[in-house]
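Enquirer: Dropping a structure here in structure tokens format, bear with me for questions.
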Amino acid sequence: MKAAVIVFPGSNCDRDLKVALAQSMGRDPDMVWHGDSQLPPTDLIAIPGGFSYGDYLRAGAMAANSPIMREVVKKAAAGTPVLAICNGFQVATETGMLPGALLRNAGQKFVCRDVNLLITSQNERFVGGFELGEVVRFPVAHHDGNYFADTDTLEELEAEGQVAFKYAGADGELTAEANPNGSLNNIAGIYNKAGNVLGLMPHPERLISEELGGTDGRRFFDHLVNSIV
Amino acid sequence: MTEITKEIVAEHGLSEDEYQELLRVLGRVPNLTELGIFSVMWSEHCSYKSSKKWLKTLPTSAPWVICGPGENAGVIDIGDGQAAIFKMESHNHPSYIEPYQGAATGVGGIMRDVFTMGARPVANMNALRFGRPDHPKTRHLVSGVVAGISGYGNCMGVPTVGGETNFHSSYDGNILVNAMTVGIADTDKIFYSAAAGVGNPVVYVGSKTGRDGIHGATMASAEFDDDSEEKRPTVQVGDPFTEKLLLEACLELMATDAIVAIQDMGAAGLTSSSFEMADKGGVGIELNLDQVPMREEGMTPYEIMLSESQERMLMVLKPGREEEARRIFEKWELDFSVIGKVTDTGRMVLTMQGETVADLPVAPLADAAPEYDRPWVKTPIQAPIRGEDVAAPNDLGEALIKLMGSSEIASRKWIWEQYDHMVMGDTIQRPGGDAAVVRVHGTGKALAITTDCTPRYCFADPVTGGAQAVAEAWRNITATGALPLAITDCMNFGNPQRPEIMGQFVGCIEGMKNACLALDFPVISGNVSLYNETNGTGIHPTPAVGGVGILKDLAHMTTLAFKEDGDIVLLLGDLTGEMGQSLYLREIEGREEGAPPTVDLAKERKYGDYLRAMIEKGLVTAAHDISDGGLGVALAEMALAGNIGAELEIETDLPPHAALFAETQAAYVITAKPDDVEMLRGFALADDIPLHILGTIGHTDLKIGGWLTISLGRLRDVHAGWLPELMAGPGSEQE
């Protein structure tokens, strides 16, 4: 399997994502610079967290217009799986690959902590390694993770099984306390209609070993790699 | 041309004597640009003129020290051809005036100091001091400083893994913002600042130069008065995105061998960086200021040389390597400009529009920098306060609850949840423990990092307080199982021209020196911040210590959390019952009095070395040193971290409140498997080390037989609640 990690000026989780993918794939992903207009042949495109272009204008807005993203959007439309984490999720909504927007956190502050996530859909490729209704733990670290979409879009996302993860309590209860940023319906991650693009605010690449405090992220990547191979 | 009058000299913060010395060195009257350059080079901030005499007495060497004080940061060997490079620096004055930008640019500046030397920053820490919690400015300052640190560090993608925060009225008018960065480099790829090679190009990279921050270094060398807030324009504005690009571009260029010398432009900007590079290399430098990338038109030589615009670097390259370097900086969309060359004249010559605008001798100017032996008086010693001298509380449990929810002990989670403390994927121990533990990327070893100082001890007895700051850093590193290697310090004091303040400085240095020697824990970098006074009232003396240690194998690491039902709880060390300057005395009795607890460095060394050896043998399941709030608070913190209670019995001749709340030094609470206790005791006995069994872990209460029983839920509520409640309090400002 081959994977490509997109690197923008200001990306800062690119190395973490590379390490997590390499651990599960057994080989390094290609690191692709934002100014390139061609993607190498790849089975997975990963857009990492960070502050692409300093989050100037709006988080993800400038990255969405970079040469490489035109290519990513094309590949996504043709069915290549895309994993967009944190700033990557923001970029994906700015390109229109995913619906909705990520607003400033309801608490107005940056928030970095582990969160519990309820698996709310059955997308074999991305979350087939987890049970529907299972609660997993990934960390969040963001200032703009407050998911917003209009009512029709929200209803459609829920009805079509496009909501991937929801912020939850330890037993899966969807409470306001479990929601770190004010996201509508406690939404932490969503798929596009075709189900080949996943955007999520939490960082699975940060919990990939017992030393780091958890392995749910490892399970996520192991399954993703297996399902693509 | 501006005539240099007495008023202009005074506005530049130079004394009459200093100006006369300037005339002697120069042999003529300086022009305004030259006066500006002299004034910043000779400012307290850049010249260390009041502190140098005493700083020289600190131990700075050890077999593992590669580079001690004097460079951008200190360097230690951590084995396998790798080095840890670190420093702590203050950004106090700007942070009080403009908390967000002041703190942000403090973080940016210290990271530049570290990556200038070739290291990738891997961890940020901070040591913060604010005024009393109910002071009208405190909430505004806390929220601004924390947001500033968060905004800069998070964007850089360097985890902020811990620190410390105190609140005390002595900081009402002068908060302290000390930022520390630790980086990792290969030992054969460390970069220094001495310019060399006559004819080599001098290159400017990074952001453009603007009119911001002019005279920041001079501001940081004076007391505050009622008009200080008008100094806001002297605070710089940070751009972490540009710094992230600068970091990546510098590291990319450093992977080649094109760089001869490199220096970041921090305080006093282009002046300080070019002077230091020329002085260290014993050469001259010629700069054409027309080539300096400028943000706005019409800037004068004076403004260009004194600007403290952020995210800039000065480098000397090998001849002919300019284009290769330029390509890298252009890839990262940064300015790159050859602005001059190295000369053999020993002079710094600045030209602009074909005219010479300054011509100064480098070595004489640096050598003639004033150095003062300021008068000082010893701080009067206070009498110790024993447990018997302090009334027992009505209820020991309520006293512990009160301490756990007090400003000094309450959880700092509200702060560190705003810092990305996990990015880079190597944070093994997150904030909230004794020390942060950060894995060296791609290896099984790690660095343990901590910042420590107990200012109330330093105020009561500077010698003891200085020693305690170093000892506590050493203990915190030891408690993780790591071997402490070296420290950086940030010496925050009031006005050194007052003998009692100078006496605090001299005393703290003496205590630190003693502890550094006894613990093999040298000082490898640091910074001094004086004049932390407002209208004649100084801060508590605050020699903040940043310590770094090495954990050779992550398999031998402990945390402070209670682990499993049935583990045995032990006290390593003896309770002394000294109550002077304890938080108990302050929070329960409302008294800030007495001698601080004795620091016995021989015991520190012996008990700490024992603990580390036991951790390495795998005999210890949790460890936590005793500090603020004493044994009672240490036990409560361990129980909360593990979410498990304990049933304990403390046998002592001391009054219970003294046993529980005296801040005994050289002591730890540890836990072990029941089967390992005999082995632990055997090793302790052989070395004559006191080890007392206190009880067993289990259930959901902290129970100390005959003294107190408290549910973890209640402890957690008070401990977690204090800071969020303060920050949400009535009238709090919205960000």
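Chain identifiers are assigned as A, B, and so on, following the order in which chains appear in the structure tokens; residues are numbered from 1 within each chain, and ligands are numbered from 1 in order of appearance.
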Using only C-alpha atoms, determine which residues lie at most 9 Å from Gly35 of chain A, disregarding the query and same-chain residues fewer than 5 positions distant; provide the list as a PyMOL selection string.

Expert: chain A and resi 8+66-68

Enquirer: May I have the residues of chain A within 12 Å of chain B, counting only C-alpha atoms, written as a ChimeraX atom specification?

Expert: /A:8-20,23,33-35,48-56,59,87,105,107-114,138-143,180,203-214,217

Enquirer: Select, from B:Glu286, B:Glu533, B:Glu21, B:Glu355, the residue with the minimum atom-to-atom distance to Ile175 of chain B, counting only C-alpha atoms.

Expert: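 For Ile175 of chain B, the nearest of the given residues is B:Glu533.
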
Enquirer: Do you have the atom CA of Ile228 of chain A-atom CA of Pro81 of chain A distance handy?

Expert: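 That distance, rounded to one decimal, is 8.6 Å.
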
Enquirer: Using only C-alpha atoms, determine which residues lie at most 10 Å from Val229 of chain A, disregarding the query and same-chain residues fewer than 5 positions distant; provide the list as a list in words.

Expert: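 The residues satisfying every condition are Met1, Lys2, Met25, Asp43, His223 and Leu224 of chain A.
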